[in-house]
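Report on one structure; see the data block that follows.
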Amino acid sequence: MAENDKKSNRYPGFIGGSGKNDKKGGRPKFNWALFYVLITIILIGLYFFYPGNTMSEINDMEFYQMVENREIEHVEFVKKESHINIFLKREALEGNPTYEKVKENINGPQYYLVVTDLEVYNDNLREVRNQYVQERVAQDSTLVAGDLMKEYTFPMKQDNTQNWGFEVLLWVLPFVFIFALYYFSMRSMRGAGGMGGGSNIFNIGKSRAQEFDGNSSQLVTFKDVAGLEGAKFEIEEVVDFLKNPQRYTVLGGKIPKGVLLVGPPGTGKTLLAKAVAGEAKVPFFSLSGSDFVEMFVGVGASRVRDLFKTAKEKAPCIIFIDEIDAIGRARGKGALSNANDERESTLNQLLTEMDGFGTNAGVIIMAATNRADILDRALLRAGRFDRQIHVELPNLNERRDIFGVHVRNLKIGPDVDLEFFAKQTPGFSGADIANVCNEAALIAARGNKEAIGKEDFLAAVDRIIGGLERRGSVISPEEKKTIAYHESGHACVSWMLRYASPLVKVTIVPRGKALGAAWYLPEERQLATYDQLVDEMTATLGGRAAEEVFFGKISTGALNDLERVSKQAYAMIVYYGLDEKIGNVSYYDSTGQQEYSMTKPYSEKTAQEIDERVHELIESSYRRAVKILKDNYEKVEQLAQLLLEREVIFTEDVKNILGERPFAAEEHGDETPATTKTDE
């Protein structure tokens, strides 16, 4: 058995196989696709390459010339094809070079003559014979007409036979091919249907969930999930219940029926669900919310019923629905009411199955989404998704652990410090860190290095945050100078402000769509004050302020800066209630009720006041940035010249020119989501 498995894996196409062993006996599967290809080739060969008539057609004059030369041995009238097959004498074929092309067909027929009317053919042949005889008798009176007529006469046979076998084959084979194609299509639907995926079109309502068990070789465990300590603690309780249910039931407790994983993209929600499948050692059904959506009415609800029916048969088990917002969106709140009844029917069926009149003993529902705010309230109530687990972005220690998981299979150098890279990647999700490790490996391989070094990881971080370097971009000296002073303005203003993020690196090398970029290391904080937000806005406007101070004119390079500042100022006034004139009012709707609202939640007068306050806040921050740059005019100019010379400068270079930060002693070492100020 093991030997058969090895052969099948080593030669995936062996004996028409697909590389997968049949469930019975371990033999390779018969490749039906190859069978259909062979039938197609045979049909093409029969239609286009069947020899059929290899004879050449001749006209009446050529035929009568053969009669005059007495070269015809006999002819054969084929009634069904309305022509005469001509068999030439052997000595005629060998002695006449005209018949060189048909000499190989010694047994004939060599030619054929189309005959529309047999009686007309006989009459014409008779007249031609008489004419030839009379001409020879006129030339030689000793010749006898009766004897000469025998020389021009040849027997005629009639062929009424039909090739029934070949004709039947040509009629039957197309139908066989159509039937085989239909059978192959049905087999494909059966294979693509997943769990009970339907052997024909009538089984389209079957569930498409993939089933995993404890024997799968691709299972993930909690050891493969770094960070997420709080989420893992909650999930481990579910796993423990499935392993030791008596521990809870003896006290009368019940495990939550549903567990909803909520968090930003890339934080590891699906990976955590895979780890549950690997740890629980019970049947695990995995599918996506979009698997319920189909163009046919009622298919989604049917698949939900079939999924829970199968799960109940194999209880205790876990059902995992990824991206549940595809079917769990709040009902009746679409842009067009009743525009998607099929999705709502699927959701209604899911609600009923999770906590309806029947029971689901031993069936635990897990789901993941990054848009919990749009889910239906009935889906989130107690008794369905009783427990919501928030999977947030990893902190410093969790990022270090995630780096440790992803570098296990990498060949890294001795200078790689995971603690250092964890500090350099604030705000990165688990997926981002995995991408950093992969990019570092690619960069090291591109440089023909034997191991991945520190510089490769730093280059990978820059690549992901700022984009790919565009060294070949054509930039005029004036534009390059403007970019250098712009970035120097960012660096100086942020350096002089207490709550601005610490500077890491500044570059004027174009990356992605940006002509220049500055990397900062913000604090990791959960709350932000008015002064902190204003300092960040002032630092963001430092680039445009530098253009005005040093050149007396501004450019379009501050597009990204202005966009970020405008959004932040609007959020401070409208959402956070940080403006004295507007007051302690927030127009933010966290429930999503106003997602499709056509009106603003405030009056036109308030809207005008908001616009005025946003404008005043931005302009005051801008004037503050201009003042800082004028006070440090010579230092900023030195910084810009150094940037023009090196193209990339670091914290040490800024410190040598601007000195220590005025508030360095009060800054904290922890970081928060990283930001990169780019200028287009």
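Residues are named by chain letter and number: chains run A, B, ... in the order of the structure tokens, numbers start at 1 in each chain, and ligands are numbered from 1 in the order shown.
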Pull the closest atom pair for each residue of stretch 497-598 of chain A that gets at most 12 Å from stretch 634-641 of chain A, along with the distance in Å to one decimal, counting only C-alpha atoms, ordering rows by chain and then ascending residue number, as CSV.
```
residue,atom,partner,partner_atom,distance
A:Val506,CA,A:Leu639,CA,10.4
A:Thr507,CA,A:Ala640,CA,10.7
A:Ile508,CA,A:Ala640,CA,10.2
A:Gly542,CA,A:Val636,CA,11.2
A:Gly543,CA,A:Val636,CA,11.4
A:Ala545,CA,A:Val636,CA,11.9
A:Ala546,CA,A:Val636,CA,8.7
A:Glu547,CA,A:Val636,CA,11.6
A:Val549,CA,A:Val636,CA,10.6
A:Phe550,CA,A:Glu637,CA,8.6
A:Phe551,CA,A:Glu637,CA,11.7
```
Next item on the list: Take atom CA of A:Leu442 and atom CA of A:Leu410 and report the distance between them in Å, one decimal.
Entry: 11.0 Å
Next item on the list: Would you mind listing what lies within 12 Å of A:Ala459 as a ChimeraX atom specification, with only C-alpha atoms counted and same-chain residues fewer than 2 positions away left out?
Entry: /A:421,424,436-444,452-457,461-469
Next item on the list: Would you mind telling me which residue in A:Arg384, A:Arg400, A:Lys257, A:Lys481 lies nearest to A:Leu644 when using only C-alpha atoms?
Entry: A:Lys481
Next item on the list: Determine the nearest neighbour of A:Gly266 from the options A:Pro155, A:Pro510, A:Gly278, A:Gly430, counting only C-alpha atoms.
Entry: A:Gly430
Next item on the list: Per DSSP on the backbone, filter stretch 245-304 of chain A down to the residues in alpha helix (DSSP H) and report them as a VMD selection string.
Entry: chain A and resid 246 to 249 269 to 280 299 to 304
Could you write out the selected residues, including N, CA and C atoms, as a JSON list (two decimals), in the first residue's frame?
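Done, and the output landed in part.json:
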```json
[["chain", "number", "residue", "atom", "x", "y", "z"],
["A", 246, "GLN", "N", -17.38, 16.66, 30.00],
["A", 246, "GLN", "CA", -17.92, 16.38, 31.33],
["A", 246, "GLN", "C", -17.49, 17.41, 32.36],
["A", 247, "ARG", "N", -16.35, 18.02, 32.15],
["A", 247, "ARG", "CA", -15.84, 19.01, 33.09],
["A", 247, "ARG", "C", -16.79, 20.19, 33.24],
["A", 248, "TYR", "N", -17.55, 20.50, 32.18],
["A", 248, "TYR", "CA", -18.45, 21.64, 32.20],
["A", 248, "TYR", "C", -19.90, 21.21, 32.44],
["A", 249, "THR", "N", -20.29, 20.10, 31.82],
["A", 249, "THR", "CA", -21.69, 19.68, 31.92],
["A", 249, "THR", "C", -22.05, 19.19, 33.31],
["A", 269, "LYS", "N", -7.10, 35.93, 12.12],
["A", 269, "LYS", "CA", -8.39, 35.33, 12.50],
["A", 269, "LYS", "C", -8.54, 33.94, 11.89],
["A", 270, "THR", "N", -8.29, 33.83, 10.60],
["A", 270, "THR", "CA", -8.41, 32.53, 9.94],
["A", 270, "THR", "C", -7.35, 31.56, 10.46],
["A", 271, "LEU", "N", -6.14, 32.05, 10.71],
["A", 271, "LEU", "CA", -5.08, 31.20, 11.25],
["A", 271, "LEU", "C", -5.48, 30.66, 12.62],
["A", 272, "LEU", "N", -6.13, 31.48, 13.44],
["A", 272, "LEU", "CA", -6.57, 31.04, 14.75],
["A", 272, "LEU", "C", -7.63, 29.95, 14.62],
["A", 273, "ALA", "N", -8.50, 30.09, 13.66],
["A", 273, "ALA", "CA", -9.52, 29.05, 13.43],
["A", 273, "ALA", "C", -8.87, 27.74, 12.98],
["A", 274, "LYS", "N", -7.83, 27.83, 12.14],
["A", 274, "LYS", "CA", -7.12, 26.62, 11.73],
["A", 274, "LYS", "C", -6.45, 25.95, 12.93],
["A", 275, "ALA", "N", -5.95, 26.76, 13.84],
["A", 275, "ALA", "CA", -5.32, 26.20, 15.04],
["A", 275, "ALA", "C", -6.35, 25.47, 15.90],
["A", 276, "VAL", "N", -7.56, 25.99, 15.95],
["A", 276, "VAL", "CA", -8.62, 25.30, 16.69],
["A", 276, "VAL", "C", -8.89, 23.94, 16.06],
["A", 277, "ALA", "N", -8.91, 23.89, 14.74],
["A", 277, "ALA", "CA", -9.12, 22.61, 14.05],
["A", 277, "ALA", "C", -8.01, 21.63, 14.37],
["A", 278, "GLY", "N", -6.79, 22.13, 14.49],
["A", 278, "GLY", "CA", -5.67, 21.24, 14.78],
["A", 278, "GLY", "C", -5.62, 20.78, 16.22],
["A", 279, "GLU", "N", -6.12, 21.61, 17.15],
["A", 279, "GLU", "CA", -6.06, 21.27, 18.56],
["A", 279, "GLU", "C", -7.25, 20.45, 19.03],
["A", 280, "ALA", "N", -8.43, 20.69, 18.47],
["A", 280, "ALA", "CA", -9.64, 20.06, 18.98],
["A", 280, "ALA", "C", -9.72, 18.57, 18.66],
["A", 299, "VAL", "N", -30.79, 28.53, -3.07],
["A", 299, "VAL", "CA", -29.62, 27.66, -2.96],
["A", 299, "VAL", "C", -28.88, 27.93, -1.65],
["A", 300, "GLY", "N", -28.74, 29.21, -1.26],
["A", 300, "GLY", "CA", -28.01, 29.54, -0.04],
["A", 300, "GLY", "C", -28.65, 28.91, 1.19],
["A", 301, "ALA", "N", -29.97, 29.04, 1.32],
["A", 301, "ALA", "CA", -30.66, 28.44, 2.46],
["A", 301, "ALA", "C", -30.54, 26.93, 2.44],
["A", 302, "SER", "N", -30.61, 26.33, 1.27],
["A", 302, "SER", "CA", -30.47, 24.88, 1.15],
["A", 302, "SER", "C", -29.09, 24.42, 1.60],
["A", 303, "ARG", "N", -28.06, 25.17, 1.24],
["A", 303, "ARG", "CA", -26.71, 24.80, 1.64],
["A", 303, "ARG", "C", -26.51, 24.94, 3.15],
["A", 304, "VAL", "N", -27.15, 25.93, 3.76],
["A", 304, "VAL", "CA", -27.08, 26.08, 5.22],
["A", 304, "VAL", "C", -27.72, 24.86, 5.89]]
```
Margin query: Using only C-alpha atoms, which protein or nucleic acid residues come within 12 Å of A:Asn105? Drop anything in the same chain fewer than 5 positions from it, and give the result as an MDAnalysis selection string.
Written below: chainID A and resid 53:56 86:90 93:94 99:100 110:111
Item checked: Test item, strand (DSSP E) assignment across stretch 236-438 of chain A, answer as a list of chain:residue names ->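 So, restricting stretch 236-438 of chain A to strand (DSSP E), we get A:Gly258, A:Val259, A:Leu260, A:Leu261, A:Val262, A:Phe284, A:Phe285, A:Ser286, A:Leu287, A:Ser288, A:Cys317, A:Ile318, A:Ile319, A:Phe320, A:Ile321, A:Asp322, A:Val363, A:Ile364, A:Ile365, A:Met366, A:Ala367, A:Ala368, A:Thr369, A:Arg387, A:Gln388, A:Ile389, A:His390.
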Note to self: Considering only C-alpha atoms, can you say which of A:Thr352, A:Asn122, A:Thr369, A:Ser603 comes closest to A:Gly289?
What the structure shows: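 Closest residue, counting only C-alpha atoms: A:Thr369.
Non-sequential neighbours of A:Val262 (distance at most 7 Å, separation of 2 or more positions within a chain, only C-alpha atoms) are Leu260, Ala368, Thr369, Asn370, Ala372, Gln388, Ile389, His390 and Val391 of chain A.
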What does the file look like for those residues with N, CA and C atoms, as a short mmCIF file (atom, residue, chain, number, x, y, z; two decimals), in the first residue's frame?
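Output file result_21.cif is given in full below:
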```cif
data_model
loop_
_atom_site.label_atom_id
_atom_site.label_comp_id
_atom_site.auth_asym_id
_atom_site.auth_seq_id
_atom_site.Cartn_x
_atom_site.Cartn_y
_atom_site.Cartn_z
N LEU A 260 -17.33 34.58 17.54
CA LEU A 260 -17.08 35.49 16.43
C LEU A 260 -15.72 36.15 16.62
N ALA A 368 -15.51 34.61 11.28
CA ALA A 368 -14.52 35.68 11.28
C ALA A 368 -14.98 36.79 10.36
N THR A 369 -14.70 38.03 10.76
CA THR A 369 -15.04 39.19 9.95
C THR A 369 -14.23 40.38 10.43
N ASN A 370 -14.02 41.33 9.55
CA ASN A 370 -13.41 42.60 9.95
C ASN A 370 -14.43 43.74 9.85
N ALA A 372 -17.65 43.84 11.79
CA ALA A 372 -18.69 43.44 12.73
C ALA A 372 -19.78 44.49 12.87
N GLN A 388 -17.74 37.32 21.46
CA GLN A 388 -16.97 38.02 20.43
C GLN A 388 -15.53 38.19 20.91
N ILE A 389 -14.61 37.69 20.12
CA ILE A 389 -13.19 37.76 20.46
C ILE A 389 -12.52 38.75 19.52
N HIS A 390 -11.96 39.80 20.07
CA HIS A 390 -11.31 40.83 19.26
C HIS A 390 -9.85 40.46 19.05
N VAL A 391 -9.49 40.33 17.79
CA VAL A 391 -8.11 40.00 17.40
C VAL A 391 -7.49 41.29 16.86
#
```
Item checked: Close residues, A:Glu236 itself excluded, 10 Å, only C-alpha atoms, min 2 positions apart in chain, as a PyMOL selection string -> chain A and resi 222+231-234+238-242+275-276+279-280
Would you put the residues from that selection into a file with all heavy atoms, as a compact mmCIF listing (two decimals), in the first residue's frame?
```txt
# COMPACT_ATOMS: atom_id res chain seq x y z
N PHE A 222 -1.69 25.68 18.07
CA PHE A 222 -1.47 26.96 18.73
C PHE A 222 0.01 27.33 18.77
O PHE A 222 0.35 28.51 18.93
CB PHE A 222 -2.03 26.91 20.15
CG PHE A 222 -3.53 26.98 20.21
CD1 PHE A 222 -4.25 26.24 21.12
CD2 PHE A 222 -4.22 27.81 19.33
CE1 PHE A 222 -5.63 26.31 21.17
CE2 PHE A 222 -5.60 27.87 19.37
CZ PHE A 222 -6.31 27.12 20.29
N ALA A 231 -6.81 36.22 22.71
CA ALA A 231 -7.72 35.46 21.85
C ALA A 231 -7.52 33.96 22.02
O ALA A 231 -8.48 33.18 22.07
CB ALA A 231 -7.51 35.87 20.39
N LYS A 232 -6.27 33.52 22.14
CA LYS A 232 -6.00 32.10 22.32
C LYS A 232 -6.56 31.60 23.64
O LYS A 232 -7.04 30.46 23.74
CB LYS A 232 -4.50 31.83 22.23
CG LYS A 232 -3.95 31.85 20.82
CD LYS A 232 -2.59 31.20 20.72
CE LYS A 232 -1.54 32.03 21.43
NZ LYS A 232 -0.19 31.47 21.19
N PHE A 233 -6.53 32.43 24.68
CA PHE A 233 -7.07 32.02 25.98
C PHE A 233 -8.57 31.74 25.87
O PHE A 233 -9.08 30.76 26.42
CB PHE A 233 -6.80 33.11 27.02
CG PHE A 233 -7.36 32.80 28.37
CD1 PHE A 233 -6.71 31.92 29.22
CD2 PHE A 233 -8.56 33.38 28.79
CE1 PHE A 233 -7.24 31.63 30.48
CE2 PHE A 233 -9.09 33.10 30.03
CZ PHE A 233 -8.42 32.21 30.88
N GLU A 234 -9.29 32.61 25.14
CA GLU A 234 -10.72 32.40 24.96
C GLU A 234 -11.00 31.17 24.11
O GLU A 234 -11.93 30.40 24.39
CB GLU A 234 -11.35 33.65 24.32
CG GLU A 234 -11.23 34.91 25.14
CD GLU A 234 -12.23 34.94 26.29
OE1 GLU A 234 -13.15 34.11 26.29
OE2 GLU A 234 -12.07 35.78 27.19
N VAL A 238 -12.95 26.71 24.32
CA VAL A 238 -13.79 25.97 23.39
C VAL A 238 -13.16 24.62 23.08
O VAL A 238 -13.83 23.58 23.05
CB VAL A 238 -14.00 26.78 22.10
CG1 VAL A 238 -14.82 25.99 21.09
CG2 VAL A 238 -14.68 28.10 22.41
N VAL A 239 -11.86 24.62 22.84
CA VAL A 239 -11.16 23.37 22.55
C VAL A 239 -11.24 22.42 23.73
O VAL A 239 -11.47 21.21 23.58
CB VAL A 239 -9.69 23.67 22.17
CG1 VAL A 239 -8.93 22.37 21.97
CG2 VAL A 239 -9.63 24.53 20.92
N ASP A 240 -11.07 22.95 24.94
CA ASP A 240 -11.12 22.11 26.14
C ASP A 240 -12.50 21.51 26.34
O ASP A 240 -12.64 20.37 26.79
CB ASP A 240 -10.71 22.95 27.35
CG ASP A 240 -10.55 22.09 28.60
OD1 ASP A 240 -9.89 21.04 28.51
OD2 ASP A 240 -11.10 22.46 29.65
N PHE A 241 -13.54 22.25 26.00
CA PHE A 241 -14.90 21.72 26.12
C PHE A 241 -15.11 20.54 25.18
O PHE A 241 -15.75 19.55 25.54
CB PHE A 241 -15.92 22.81 25.82
CG PHE A 241 -17.34 22.32 25.79
CD1 PHE A 241 -18.05 22.15 26.96
CD2 PHE A 241 -17.95 21.99 24.59
CE1 PHE A 241 -19.36 21.68 26.93
CE2 PHE A 241 -19.24 21.53 24.55
CZ PHE A 241 -19.95 21.36 25.73
N LEU A 242 -14.58 20.66 23.97
CA LEU A 242 -14.74 19.56 23.01
C LEU A 242 -13.95 18.33 23.43
O LEU A 242 -14.35 17.20 23.16
CB LEU A 242 -14.30 20.03 21.62
CG LEU A 242 -15.18 21.10 20.98
CD1 LEU A 242 -14.52 21.66 19.73
CD2 LEU A 242 -16.55 20.54 20.66
N ALA A 275 -5.95 26.76 13.84
CA ALA A 275 -5.32 26.20 15.04
C ALA A 275 -6.35 25.47 15.90
O ALA A 275 -6.04 24.43 16.50
CB ALA A 275 -4.65 27.31 15.84
N VAL A 276 -7.56 25.99 15.95
CA VAL A 276 -8.62 25.30 16.69
C VAL A 276 -8.89 23.94 16.06
O VAL A 276 -9.08 22.93 16.76
CB VAL A 276 -9.90 26.16 16.71
CG1 VAL A 276 -11.06 25.39 17.32
CG2 VAL A 276 -9.67 27.44 17.48
N GLU A 279 -6.12 21.61 17.15
CA GLU A 279 -6.06 21.27 18.56
C GLU A 279 -7.25 20.45 19.03
O GLU A 279 -7.13 19.60 19.91
CB GLU A 279 -5.98 22.56 19.40
CG GLU A 279 -4.70 23.37 19.19
CD GLU A 279 -3.52 22.75 19.92
OE1 GLU A 279 -3.74 21.84 20.74
OE2 GLU A 279 -2.38 23.18 19.66
N ALA A 280 -8.43 20.69 18.47
CA ALA A 280 -9.64 20.06 18.98
C ALA A 280 -9.72 18.57 18.66
O ALA A 280 -10.35 17.81 19.38
CB ALA A 280 -10.87 20.78 18.43
```
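Taking only C-alpha atoms, the non-local environment of A:Glu548 within 9 Å (same-chain residues fewer than 5 positions away omitted) comprises Lys553, Ile554 and Val626 of chain A.
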